[in-house]
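The next block is start-v6.pdb, given as PDB, C-alpha atoms.
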ATOM      1  CA  PHE S   5       0.000   0.000   0.000
ATOM      2  CA  PHE S   6       2.750   2.401   0.961
ATOM      3  CA  LEU S   7       4.772   1.540  -2.136
ATOM      4  CA  PHE S   8       1.718   2.132  -4.356
ATOM      5  CA  LYS S   9       0.996   5.427  -2.619
ATOM      6  CA  SER S  10       4.608   6.497  -2.922
ATOM      7  CA  GLY S  11       4.614   5.699  -6.625
ATOM      8  CA  ARG S  12       1.549   7.861  -7.128
ATOM      9  CA  ASN S  13       3.224  10.743  -5.289
ATOM     10  CA  ARG S  14       6.302  10.481  -7.482
ATOM     11  CA  MET S  15       4.189  10.665 -10.623
ATOM     12  CA  ALA S  16       2.101  13.615  -9.447
ATOM     13  CA  THR S  17       4.734  16.157 -10.415
ATOM     14  CA  PRO S  18       4.029  19.264 -12.513
ATOM     15  CA  ALA S  19       5.888  17.773 -15.470
ATOM     16  CA  ALA S  20       3.897  14.553 -15.269
ATOM     17  CA  LEU S  21       0.631  16.425 -15.021
ATOM     18  CA  SER S  22       1.609  18.530 -18.014
ATOM     19  CA  ARG S  23       2.386  15.419 -20.062
ATOM     20  CA  ALA S  24      -0.898  13.851 -19.028
ATOM     21  CA  GLU S  25      -2.843  16.946 -20.001
ATOM     22  CA  SER S  26      -1.066  17.074 -23.360
ATOM     23  CA  HIS S  27      -1.814  13.417 -23.964
ATOM     24  CA  ARG S  28      -5.469  13.932 -23.056
ATOM     25  CA  ARG S  29      -5.766  16.785 -25.528
ATOM     26  CA  ASN S  30      -4.104  14.758 -28.261
ATOM     27  CA  MET S  31      -6.416  11.836 -27.629
ATOM     28  CA  SER S  32      -9.531  13.973 -27.538
ATOM     29  CA  GLY S  33      -9.837  13.782 -31.311
ATOM     30  CA  ALA S  34     -10.148  17.552 -31.794
ATOM     31  CA  LYS S  35      -9.230  18.557 -35.314
ATOM     32  CA  LYS S  36      -6.945  21.475 -35.877
ATOM     33  CA  PRO S  37      -8.277  24.154 -38.218
ATOM     34  CA  SER S  38      -6.987  24.028 -41.775
ATOM     35  CA  ILE S  39      -6.523  26.705 -44.388
ATOM     36  CA  ARG S  40      -9.636  25.491 -46.193
ATOM     37  CA  SER S  41     -11.762  26.084 -43.088
ATOM     38  CA  TYR S  42     -11.205  29.827 -43.480
ATOM     39  CA  ASP S  43     -12.674  29.956 -46.992
ATOM     40  CA  ASN S  44     -16.186  30.070 -45.540
ATOM     41  CA  ARG S  45     -15.206  32.873 -43.175
ATOM     42  CA  VAL S  46     -13.769  34.921 -46.013
ATOM     43  CA  GLY S  47     -16.891  34.272 -48.097
ATOM     44  CA  GLU S  48     -19.114  35.371 -45.214
ATOM     45  CA  GLN S  49     -17.134  38.576 -44.689
ATOM     46  CA  SER S  50     -17.214  39.320 -48.419
ATOM     47  CA  THR S  51     -20.994  38.832 -48.595
ATOM     48  CA  LEU S  52     -21.619  41.084 -45.608
ATOM     49  CA  SER S  53     -19.228  43.660 -47.039
ATOM     50  CA  LEU S  54     -21.212  43.641 -50.294
ATOM     51  CA  VAL S  55     -24.508  44.118 -48.427
ATOM     52  CA  ALA S  56     -23.073  46.995 -46.396
ATOM     53  CA  THR S  57     -21.671  48.584 -49.562
ATOM     54  CA  LEU S  58     -25.069  48.389 -51.279
ATOM     55  CA  ILE S  59     -26.764  50.015 -48.288
ATOM     56  CA  PHE S  60     -24.117  52.733 -48.257
ATOM     57  CA  GLY S  61     -24.540  53.411 -51.973
ATOM     58  CA  PHE S  62     -28.331  53.500 -51.703
ATOM     59  CA  SER S  63     -28.139  55.947 -48.784
ATOM     60  CA  ILE S  64     -25.761  58.258 -50.621
ATOM     61  CA  THR S  65     -28.005  58.179 -53.698
ATOM     62  CA  LEU S  66     -31.060  58.933 -51.560
ATOM     63  CA  LEU S  67     -29.255  61.853 -49.945
ATOM     64  CA  ILE S  68     -28.194  63.356 -53.277
ATOM     65  CA  GLU S  69     -31.365  62.710 -55.261
ATOM     66  CA  SER S  70     -33.937  63.573 -52.585
ATOM     67  CA  ASP S  71     -35.975  66.752 -52.992
ATOM     68  CA  GLU S  72     -35.468  68.873 -49.893
ATOM     69  CA  THR S  73     -38.311  71.211 -50.767
ATOM     70  CA  ILE S  74     -40.907  68.615 -49.772
ATOM     71  CA  PHE S  75     -39.793  69.015 -46.154
ATOM     72  CA  GLU S  76     -40.541  72.756 -45.963
ATOM     73  CA  GLN S  77     -43.910  72.108 -44.332
ATOM     74  CA  HIS S  78     -42.637  69.164 -42.284
ATOM     75  CA  PRO S  79     -39.642  70.141 -40.128
ATOM     76  CA  ILE S  80     -40.036  67.102 -37.845
ATOM     77  CA  LEU S  81     -39.973  64.740 -40.818
ATOM     78  CA  ALA S  82     -36.930  66.607 -42.128
ATOM     79  CA  TYR S  83     -35.050  65.914 -38.882
ATOM     80  CA  MET S  84     -36.225  62.317 -38.912
ATOM     81  CA  PHE S  85     -35.097  61.844 -42.509
ATOM     82  CA  GLY S  86     -31.747  63.587 -42.141
ATOM     83  CA  ILE S  87     -30.670  61.999 -38.860
ATOM     84  CA  SER S  88     -31.732  58.480 -39.816
ATOM     85  CA  LEU S  89     -30.000  58.758 -43.187
ATOM     86  CA  ALA S  90     -26.789  60.013 -41.560
ATOM     87  CA  VAL S  91     -26.841  57.066 -39.129
ATOM     88  CA  VAL S  92     -27.334  54.590 -41.973
ATOM     89  CA  ILE S  93     -24.456  56.126 -43.950
ATOM     90  CA  VAL S  94     -22.069  55.974 -40.988
ATOM     91  CA  PHE S  95     -23.083  52.442 -39.926
ATOM     92  CA  SER S  96     -22.839  51.026 -43.444
ATOM     93  CA  ALA S  97     -19.512  52.764 -44.131
ATOM     94  CA  VAL S  98     -17.893  51.584 -40.887
ATOM     95  CA  SER S  99     -19.179  48.008 -41.279
ATOM     96  CA  THR S 100     -17.924  47.911 -44.884
ATOM     97  CA  PHE S 101     -14.478  49.031 -43.741
ATOM     98  CA  ILE S 102     -14.413  46.368 -41.001
ATOM     99  CA  PHE S 103     -15.515  43.505 -43.263
ATOM    100  CA  MET S 104     -13.121  44.494 -46.033
ATOM    101  CA  GLY S 105     -10.209  44.824 -43.608
ATOM    102  CA  ILE S 106     -10.836  41.450 -41.989
ATOM    103  CA  SER S 107     -11.239  39.741 -45.374
ATOM    104  CA  PHE S 108      -7.958  41.277 -46.520
ATOM    105  CA  MET S 109      -6.118  40.018 -43.422
ATOM    106  CA  PHE S 110      -7.576  36.522 -43.785
ATOM    107  CA  ARG S 111      -6.623  36.283 -47.464
ATOM    108  CA  ARG S 112      -3.152  37.624 -46.804
ATOM    109  CA  PHE S 113      -2.263  34.964 -44.248
ATOM    110  CA  MET S 114      -4.168  32.205 -46.053
ATOM    111  CA  SER S 115      -1.743  32.687 -48.925
ATOM    112  CA  ARG S 116       1.110  32.327 -46.439
ATOM    113  CA  GLN S 117      -0.401  29.118 -44.983
ATOM    114  CA  SER S 118      -0.106  30.511 -41.443
ATOM    115  CA  ILE S 119      -2.649  28.795 -39.196
ATOM    116  CA  VAL S 120      -1.327  30.569 -36.094
ATOM    117  CA  ALA S 121      -1.806  34.004 -37.638
ATOM    118  CA  LEU S 122      -5.285  33.103 -38.911
ATOM    119  CA  GLU S 123      -6.379  31.885 -35.487
ATOM    120  CA  TRP S 124      -5.011  35.059 -33.931
ATOM    121  CA  ILE S 125      -6.951  37.217 -36.399
ATOM    122  CA  ARG S 126     -10.129  35.204 -35.820
ATOM    123  CA  THR S 127      -9.837  35.608 -32.047
ATOM    124  CA  GLU S 128      -8.901  39.287 -32.048
ATOM    125  CA  THR S 129     -11.656  40.330 -34.505
ATOM    126  CA  VAL S 130     -14.599  38.620 -32.796
ATOM    127  CA  ASN S 131     -16.001  41.851 -31.368
ATOM    128  CA  PHE S 132     -15.338  43.781 -34.580
ATOM    129  CA  ARG S 133     -17.276  41.211 -36.613
ATOM    130  CA  LYS S 134     -20.100  41.098 -34.083
ATOM    131  CA  TRP S 135     -20.606  44.864 -34.018
ATOM    132  CA  ALA S 136     -20.235  45.172 -37.788
ATOM    133  CA  ARG S 137     -23.059  42.646 -38.267
ATOM    134  CA  LYS S 138     -25.189  44.587 -35.800
ATOM    135  CA  MET S 139     -24.523  47.831 -37.662
ATOM    136  CA  VAL S 140     -25.626  46.258 -40.955
ATOM    137  CA  GLN S 141     -28.815  44.977 -39.317
ATOM    138  CA  MET S 142     -29.524  48.347 -37.708
ATOM    139  CA  SER S 143     -28.893  50.151 -41.001
ATOM    140  CA  TYR S 144     -31.417  47.918 -42.715
ATOM    141  CA  LEU S 145     -34.053  48.599 -40.046
ATOM    142  CA  ILE S 146     -33.414  52.347 -39.866
ATOM    143  CA  LEU S 147     -33.994  52.556 -43.611
ATOM    144  CA  PHE S 148     -37.640  51.730 -42.928
ATOM    145  CA  LEU S 149     -37.948  54.826 -40.740
ATOM    146  CA  ASN S 150     -36.121  56.871 -43.345
ATOM    147  CA  LEU S 151     -38.501  55.785 -46.103
ATOM    148  CA  MET S 152     -41.508  56.465 -43.879
ATOM    149  CA  ALA S 153     -40.431  60.063 -43.331
ATOM    150  CA  TYR S 154     -39.576  60.654 -46.978
ATOM    151  CA  GLY S 155     -42.762  58.975 -48.244
ATOM    152  CA  HIS S 156     -44.970  61.014 -45.916
ATOM    153  CA  ALA S 157     -43.420  64.317 -46.970
ATOM    154  CA  LYS S 158     -43.424  63.416 -50.665
ATOM    155  CA  TRP S 159     -47.032  62.237 -50.947
ATOM    156  CA  ASP S 160     -48.278  65.081 -48.761
ATOM    157  CA  ALA S 161     -46.527  67.549 -51.065
ATOM    158  CA  THR S 162     -48.360  66.049 -54.047
ATOM    159  CA  GLY S 163     -51.702  66.322 -52.258
ATOM    160  CA  VAL S 164     -52.228  62.545 -51.906
ATOM    161  CA  ILE S 165     -52.003  62.235 -48.128
ATOM    162  CA  VAL S 166     -53.982  58.982 -48.158
ATOM    163  CA  LEU S 167     -51.156  57.331 -50.057
ATOM    164  CA  ALA S 168     -48.758  58.453 -47.329
ATOM    165  CA  TYR S 169     -50.785  56.610 -44.687
ATOM    166  CA  VAL S 170     -50.975  53.541 -46.924
ATOM    167  CA  CYS S 171     -47.180  53.609 -47.207
ATOM    168  CA  TYR S 172     -46.931  53.977 -43.428
ATOM    169  CA  PHE S 173     -49.065  50.869 -43.025
ATOM    170  CA  ILE S 174     -47.115  48.795 -45.545
ATOM    171  CA  LEU S 175     -43.698  49.863 -44.220
ATOM    172  CA  SER S 176     -44.825  49.224 -40.630
ATOM    173  CA  ILE S 177     -45.810  45.677 -41.563
ATOM    174  CA  GLY S 178     -42.445  45.212 -43.262
ATOM    175  CA  PHE S 179     -40.609  46.594 -40.231
ATOM    176  CA  ILE S 180     -42.461  44.350 -37.759
ATOM    177  CA  THR S 181     -42.040  41.319 -40.025
ATOM    178  CA  THR S 182     -38.314  41.953 -40.292
ATOM    179  CA  LEU S 183     -38.003  42.173 -36.505
ATOM    180  CA  PHE S 184     -39.969  38.939 -36.090
ATOM    181  CA  ILE S 185     -37.791  37.087 -38.621
ATOM    182  CA  TRP S 186     -34.641  38.410 -36.947
ATOM    183  CA  TYR S 187     -35.897  37.214 -33.558
ATOM    184  CA  ARG S 188     -36.795  33.773 -34.902
ATOM    185  CA  PHE S 189     -33.421  33.414 -36.641
ATOM    186  CA  LYS S 190     -31.684  34.385 -33.408
ATOM    187  CA  LYS S 191     -33.536  31.674 -31.472
ATOM    188  CA  ILE S 192     -32.833  29.069 -34.166
ATOM    189  CA  ASN S 193     -29.151  29.986 -34.194
ATOM    190  CA  LEU S 194     -28.950  29.755 -30.394
ATOM    191  CA  ALA S 195     -30.695  26.365 -30.364
ATOM    192  CA  ALA S 196     -28.382  25.073 -33.098
ATOM    193  CA  PHE S 197     -25.342  26.306 -31.170
ATOM    194  CA  ASN S 198     -26.496  24.500 -28.011
ATOM    195  CA  LYS S 199     -27.036  21.283 -29.963
ATOM    196  CA  ALA S 200     -23.647  21.547 -31.628
ATOM    197  CA  THR S 201     -21.803  22.203 -28.367
ATOM    198  CA  PRO S 202     -20.575  18.888 -26.873
ATOM    199  CA  GLU S 203     -21.715  18.088 -23.391
ATOM    200  CA  ARG S 204     -19.134  18.683 -20.696
ATOM    201  CA  VAL S 205     -18.477  15.893 -18.292
TER
END

Give the structure from this file in structure tokens form.
Amino acid sequence: FFLFKSGRNRMATPAALSRAESHRRNMSGAKKPSIRSYDNRVGEQSTLSLVATLIFGFSITLLIESDETIFEQHPILAYMFGISLAVVIVFSAVSTFIFMGISFMFRRFMSRQSIVALEWIRTETVNFRKWARKMVQMSYLILFLNLMAYGHAKWDATGVIVLAYVCYFILSIGFITTLFIWYRFKKINLAAFNKATPERV
């Protein structure tokens, strides 16, 4: 008994524990990420960058082409239109810059076959990617408010105020539907993440 206990004490050294932990990790069957696994990440960043760029271009076009005279009788709608459009422009521009920068870094080190650098980039840009996605989503939703303000002022200026209320109704349904779909997708994504996460013993 004492010999067995003594043998256990001799093995319970920091070096032995470190070797045991390393062996356990190697035997766990976890696959190391490969260069190919980052292709999907780059594709995702490129798609989101394209969406943000389209929103940015649409906002700039709306700012340039809009008729400011229709807001002369509607100062509140003018503030609503101007502020919401400025927010959309800033959000879409910043998110485009983030997605393009991250995609560039990924492609640069994918060509160099550097897994360590790619993992470092993935870890360090988690918050950037999260907030950039939120800015794209918020830009999309704020556009509804922007179109409501512009539609109200435009149709009121033409003397067809009923059409303005019809547009309010349609855009409100679209806004609520978008929020509902976003909420459902969020729940589905969370449930899928919980199912994909292995149980901890």

Convert the output of the PyMOL selection byres ((chain S and resi 154) around 12) on the shown file into explicit residues, formatted as a short mmCIF file (atom, residue, chain, number, x, y, z; two decimals) with C-alpha atoms, keeping the file's coordinate frame.
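Result went into selection-v5.cif, see below:
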data_model
loop_
_atom_site.label_atom_id
_atom_site.label_comp_id
_atom_site.auth_asym_id
_atom_site.auth_seq_id
_atom_site.Cartn_x
_atom_site.Cartn_y
_atom_site.Cartn_z
CA LEU S 66 -31.06 58.93 -51.56
CA LEU S 67 -29.26 61.85 -49.94
CA GLU S 69 -31.36 62.71 -55.26
CA SER S 70 -33.94 63.57 -52.58
CA ASP S 71 -35.98 66.75 -52.99
CA GLU S 72 -35.47 68.87 -49.89
CA THR S 73 -38.31 71.21 -50.77
CA ILE S 74 -40.91 68.61 -49.77
CA PHE S 75 -39.79 69.02 -46.15
CA HIS S 78 -42.64 69.16 -42.28
CA PRO S 79 -39.64 70.14 -40.13
CA ILE S 80 -40.04 67.10 -37.84
CA LEU S 81 -39.97 64.74 -40.82
CA ALA S 82 -36.93 66.61 -42.13
CA TYR S 83 -35.05 65.91 -38.88
CA MET S 84 -36.22 62.32 -38.91
CA PHE S 85 -35.10 61.84 -42.51
CA GLY S 86 -31.75 63.59 -42.14
CA SER S 88 -31.73 58.48 -39.82
CA LEU S 89 -30.00 58.76 -43.19
CA LEU S 147 -33.99 52.56 -43.61
CA PHE S 148 -37.64 51.73 -42.93
CA LEU S 149 -37.95 54.83 -40.74
CA ASN S 150 -36.12 56.87 -43.34
CA LEU S 151 -38.50 55.78 -46.10
CA MET S 152 -41.51 56.46 -43.88
CA ALA S 153 -40.43 60.06 -43.33
CA GLY S 155 -42.76 58.98 -48.24
CA HIS S 156 -44.97 61.01 -45.92
CA ALA S 157 -43.42 64.32 -46.97
CA LYS S 158 -43.42 63.42 -50.66
CA TRP S 159 -47.03 62.24 -50.95
CA ASP S 160 -48.28 65.08 -48.76
CA ALA S 161 -46.53 67.55 -51.06
CA ALA S 168 -48.76 58.45 -47.33
CA CYS S 171 -47.18 53.61 -47.21
CA TYR S 172 -46.93 53.98 -43.43
CA LEU S 175 -43.70 49.86 -44.22
#

Near-Ala121 of chain S list (12 Å; all atoms listed in the file; drop same-chain fewer than 5 positions) as a ChimeraX atom specification: /S:37-39,42,109-116,126-128

Straight-line distance linking atom CA of Ile180 of chain S with atom CA of Leu54 of chain S, stated in Å to one decimal: 24.7 Å

Residue members of the PyMOL selection byres ((chain S and resi 97-107) around 12) in the file shown, as a ChimeraX atom specification: /S:42-64,90-96,108-114,122,124-143

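Across the model, the gap from atom CA of Ile185 of chain S to atom CA of Thr65 of chain S is 27.7 Å.
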
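Nearest residue to Ser41 of chain S among S:Tyr144, S:Gln117, S:Gly178, S:Lys191 is S:Gln117, counting only C-alpha atoms.
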
Would you save segment 158-188 of chain S to a file, keeping N, CA, C and O atoms, as a PDB file, in the first residue's frame?
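As a result, out_37.pdb now contains:
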ATOM      1  N   LYS S 158     -43.272  63.386 -49.210  1.00  0.00           N
ATOM      2  CA  LYS S 158     -43.424  63.416 -50.665  1.00  0.00           C
ATOM      3  C   LYS S 158     -44.893  63.357 -51.075  1.00  0.00           C
ATOM      4  O   LYS S 158     -45.347  64.163 -51.891  1.00  0.00           O
ATOM      5  N   TRP S 159     -45.638  62.376 -50.520  1.00  0.00           N
ATOM      6  CA  TRP S 159     -47.032  62.237 -50.947  1.00  0.00           C
ATOM      7  C   TRP S 159     -47.912  63.364 -50.403  1.00  0.00           C
ATOM      8  O   TRP S 159     -48.908  63.732 -51.018  1.00  0.00           O
ATOM      9  N   ASP S 160     -47.532  63.922 -49.264  1.00  0.00           N
ATOM     10  CA  ASP S 160     -48.278  65.081 -48.761  1.00  0.00           C
ATOM     11  C   ASP S 160     -48.053  66.300 -49.652  1.00  0.00           C
ATOM     12  O   ASP S 160     -48.953  67.113 -49.860  1.00  0.00           O
ATOM     13  N   ALA S 161     -46.825  66.418 -50.180  1.00  0.00           N
ATOM     14  CA  ALA S 161     -46.527  67.549 -51.065  1.00  0.00           C
ATOM     15  C   ALA S 161     -47.290  67.452 -52.384  1.00  0.00           C
ATOM     16  O   ALA S 161     -47.607  68.473 -52.996  1.00  0.00           O
ATOM     17  N   THR S 162     -47.600  66.236 -52.803  1.00  0.00           N
ATOM     18  CA  THR S 162     -48.360  66.049 -54.047  1.00  0.00           C
ATOM     19  C   THR S 162     -49.865  66.097 -53.821  1.00  0.00           C
ATOM     20  O   THR S 162     -50.638  65.985 -54.784  1.00  0.00           O
ATOM     21  N   GLY S 163     -50.283  66.231 -52.567  1.00  0.00           N
ATOM     22  CA  GLY S 163     -51.702  66.322 -52.258  1.00  0.00           C
ATOM     23  C   GLY S 163     -52.397  64.985 -52.102  1.00  0.00           C
ATOM     24  O   GLY S 163     -53.627  64.934 -52.010  1.00  0.00           O
ATOM     25  N   VAL S 164     -51.636  63.883 -52.052  1.00  0.00           N
ATOM     26  CA  VAL S 164     -52.228  62.545 -51.906  1.00  0.00           C
ATOM     27  C   VAL S 164     -51.820  62.021 -50.529  1.00  0.00           C
ATOM     28  O   VAL S 164     -51.005  61.106 -50.405  1.00  0.00           O
ATOM     29  N   ILE S 165     -52.385  62.601 -49.485  1.00  0.00           N
ATOM     30  CA  ILE S 165     -52.003  62.235 -48.128  1.00  0.00           C
ATOM     31  C   ILE S 165     -52.450  60.821 -47.779  1.00  0.00           C
ATOM     32  O   ILE S 165     -51.830  60.154 -46.934  1.00  0.00           O
ATOM     33  N   VAL S 166     -53.518  60.352 -48.431  1.00  0.00           N
ATOM     34  CA  VAL S 166     -53.982  58.982 -48.158  1.00  0.00           C
ATOM     35  C   VAL S 166     -52.913  57.967 -48.527  1.00  0.00           C
ATOM     36  O   VAL S 166     -52.689  56.977 -47.827  1.00  0.00           O
ATOM     37  N   LEU S 167     -52.224  58.237 -49.635  1.00  0.00           N
ATOM     38  CA  LEU S 167     -51.156  57.331 -50.057  1.00  0.00           C
ATOM     39  C   LEU S 167     -50.017  57.307 -49.042  1.00  0.00           C
ATOM     40  O   LEU S 167     -49.365  56.269 -48.853  1.00  0.00           O
ATOM     41  N   ALA S 168     -49.795  58.417 -48.363  1.00  0.00           N
ATOM     42  CA  ALA S 168     -48.758  58.453 -47.329  1.00  0.00           C
ATOM     43  C   ALA S 168     -49.112  57.511 -46.177  1.00  0.00           C
ATOM     44  O   ALA S 168     -48.251  56.772 -45.676  1.00  0.00           O
ATOM     45  N   TYR S 169     -50.376  57.499 -45.768  1.00  0.00           N
ATOM     46  CA  TYR S 169     -50.785  56.610 -44.687  1.00  0.00           C
ATOM     47  C   TYR S 169     -50.764  55.151 -45.133  1.00  0.00           C
ATOM     48  O   TYR S 169     -50.448  54.254 -44.331  1.00  0.00           O
ATOM     49  N   VAL S 170     -51.076  54.910 -46.399  1.00  0.00           N
ATOM     50  CA  VAL S 170     -50.975  53.541 -46.924  1.00  0.00           C
ATOM     51  C   VAL S 170     -49.527  53.073 -46.885  1.00  0.00           C
ATOM     52  O   VAL S 170     -49.225  51.931 -46.507  1.00  0.00           O
ATOM     53  N   CYS S 171     -48.606  53.954 -47.263  1.00  0.00           N
ATOM     54  CA  CYS S 171     -47.180  53.609 -47.207  1.00  0.00           C
ATOM     55  C   CYS S 171     -46.725  53.383 -45.767  1.00  0.00           C
ATOM     56  O   CYS S 171     -45.923  52.485 -45.496  1.00  0.00           O
ATOM     57  N   TYR S 172     -47.234  54.194 -44.841  1.00  0.00           N
ATOM     58  CA  TYR S 172     -46.931  53.977 -43.428  1.00  0.00           C
ATOM     59  C   TYR S 172     -47.347  52.572 -43.003  1.00  0.00           C
ATOM     60  O   TYR S 172     -46.592  51.855 -42.323  1.00  0.00           O
ATOM     61  N   PHE S 173     -48.538  52.182 -43.407  1.00  0.00           N
ATOM     62  CA  PHE S 173     -49.065  50.869 -43.025  1.00  0.00           C
ATOM     63  C   PHE S 173     -48.216  49.747 -43.606  1.00  0.00           C
ATOM     64  O   PHE S 173     -47.835  48.798 -42.892  1.00  0.00           O
ATOM     65  N   ILE S 174     -47.895  49.847 -44.895  1.00  0.00           N
ATOM     66  CA  ILE S 174     -47.115  48.795 -45.545  1.00  0.00           C
ATOM     67  C   ILE S 174     -45.705  48.708 -44.960  1.00  0.00           C
ATOM     68  O   ILE S 174     -45.196  47.620 -44.659  1.00  0.00           O
ATOM     69  N   LEU S 175     -45.054  49.865 -44.769  1.00  0.00           N
ATOM     70  CA  LEU S 175     -43.698  49.863 -44.220  1.00  0.00           C
ATOM     71  C   LEU S 175     -43.679  49.399 -42.767  1.00  0.00           C
ATOM     72  O   LEU S 175     -42.718  48.750 -42.323  1.00  0.00           O
ATOM     73  N   SER S 176     -44.747  49.699 -42.015  1.00  0.00           N
ATOM     74  CA  SER S 176     -44.825  49.224 -40.630  1.00  0.00           C
ATOM     75  C   SER S 176     -44.919  47.702 -40.589  1.00  0.00           C
ATOM     76  O   SER S 176     -44.275  47.053 -39.755  1.00  0.00           O
ATOM     77  N   ILE S 177     -45.722  47.139 -41.490  1.00  0.00           N
ATOM     78  CA  ILE S 177     -45.810  45.677 -41.563  1.00  0.00           C
ATOM     79  C   ILE S 177     -44.452  45.075 -41.921  1.00  0.00           C
ATOM     80  O   ILE S 177     -44.020  44.074 -41.340  1.00  0.00           O
ATOM     81  N   GLY S 178     -43.773  45.699 -42.888  1.00  0.00           N
ATOM     82  CA  GLY S 178     -42.445  45.212 -43.262  1.00  0.00           C
ATOM     83  C   GLY S 178     -41.450  45.308 -42.123  1.00  0.00           C
ATOM     84  O   GLY S 178     -40.640  44.399 -41.907  1.00  0.00           O
ATOM     85  N   PHE S 179     -41.520  46.407 -41.366  1.00  0.00           N
ATOM     86  CA  PHE S 179     -40.609  46.594 -40.231  1.00  0.00           C
ATOM     87  C   PHE S 179     -40.858  45.545 -39.152  1.00  0.00           C
ATOM     88  O   PHE S 179     -39.916  44.916 -38.637  1.00  0.00           O
ATOM     89  N   ILE S 180     -42.117  45.331 -38.795  1.00  0.00           N
ATOM     90  CA  ILE S 180     -42.461  44.350 -37.759  1.00  0.00           C
ATOM     91  C   ILE S 180     -42.105  42.940 -38.214  1.00  0.00           C
ATOM     92  O   ILE S 180     -41.586  42.122 -37.437  1.00  0.00           O
ATOM     93  N   THR S 181     -42.375  42.641 -39.497  1.00  0.00           N
ATOM     94  CA  THR S 181     -42.040  41.319 -40.025  1.00  0.00           C
ATOM     95  C   THR S 181     -40.541  41.074 -39.987  1.00  0.00           C
ATOM     96  O   THR S 181     -40.081  39.975 -39.643  1.00  0.00           O
ATOM     97  N   THR S 182     -39.766  42.089 -40.333  1.00  0.00           N
ATOM     98  CA  THR S 182     -38.314  41.953 -40.292  1.00  0.00           C
ATOM     99  C   THR S 182     -37.822  41.690 -38.871  1.00  0.00           C
ATOM    100  O   THR S 182     -36.942  40.842 -38.646  1.00  0.00           O
ATOM    101  N   LEU S 183     -38.380  42.408 -37.894  1.00  0.00           N
ATOM    102  CA  LEU S 183     -38.003  42.173 -36.505  1.00  0.00           C
ATOM    103  C   LEU S 183     -38.367  40.765 -36.050  1.00  0.00           C
ATOM    104  O   LEU S 183     -37.593  40.107 -35.347  1.00  0.00           O
ATOM    105  N   PHE S 184     -39.534  40.290 -36.463  1.00  0.00           N
ATOM    106  CA  PHE S 184     -39.969  38.939 -36.090  1.00  0.00           C
ATOM    107  C   PHE S 184     -39.039  37.883 -36.702  1.00  0.00           C
ATOM    108  O   PHE S 184     -38.631  36.927 -36.008  1.00  0.00           O
ATOM    109  N   ILE S 185     -38.688  38.047 -37.969  1.00  0.00           N
ATOM    110  CA  ILE S 185     -37.791  37.087 -38.621  1.00  0.00           C
ATOM    111  C   ILE S 185     -36.422  37.107 -37.951  1.00  0.00           C
ATOM    112  O   ILE S 185     -35.806  36.057 -37.726  1.00  0.00           O
ATOM    113  N   TRP S 186     -35.934  38.315 -37.637  1.00  0.00           N
ATOM    114  CA  TRP S 186     -34.641  38.410 -36.947  1.00  0.00           C
ATOM    115  C   TRP S 186     -34.686  37.704 -35.598  1.00  0.00           C
ATOM    116  O   TRP S 186     -33.739  36.983 -35.236  1.00  0.00           O
ATOM    117  N   TYR S 187     -35.768  37.860 -34.860  1.00  0.00           N
ATOM    118  CA  TYR S 187     -35.897  37.214 -33.558  1.00  0.00           C
ATOM    119  C   TYR S 187     -35.944  35.696 -33.700  1.00  0.00           C
ATOM    120  O   TYR S 187     -35.302  34.971 -32.932  1.00  0.00           O
ATOM    121  N   ARG S 188     -36.696  35.210 -34.685  1.00  0.00           N
ATOM    122  CA  ARG S 188     -36.795  33.773 -34.902  1.00  0.00           C
ATOM    123  C   ARG S 188     -35.446  33.189 -35.318  1.00  0.00           C
ATOM    124  O   ARG S 188     -35.044  32.123 -34.842  1.00  0.00           O
TER     125      ARG S 188
END
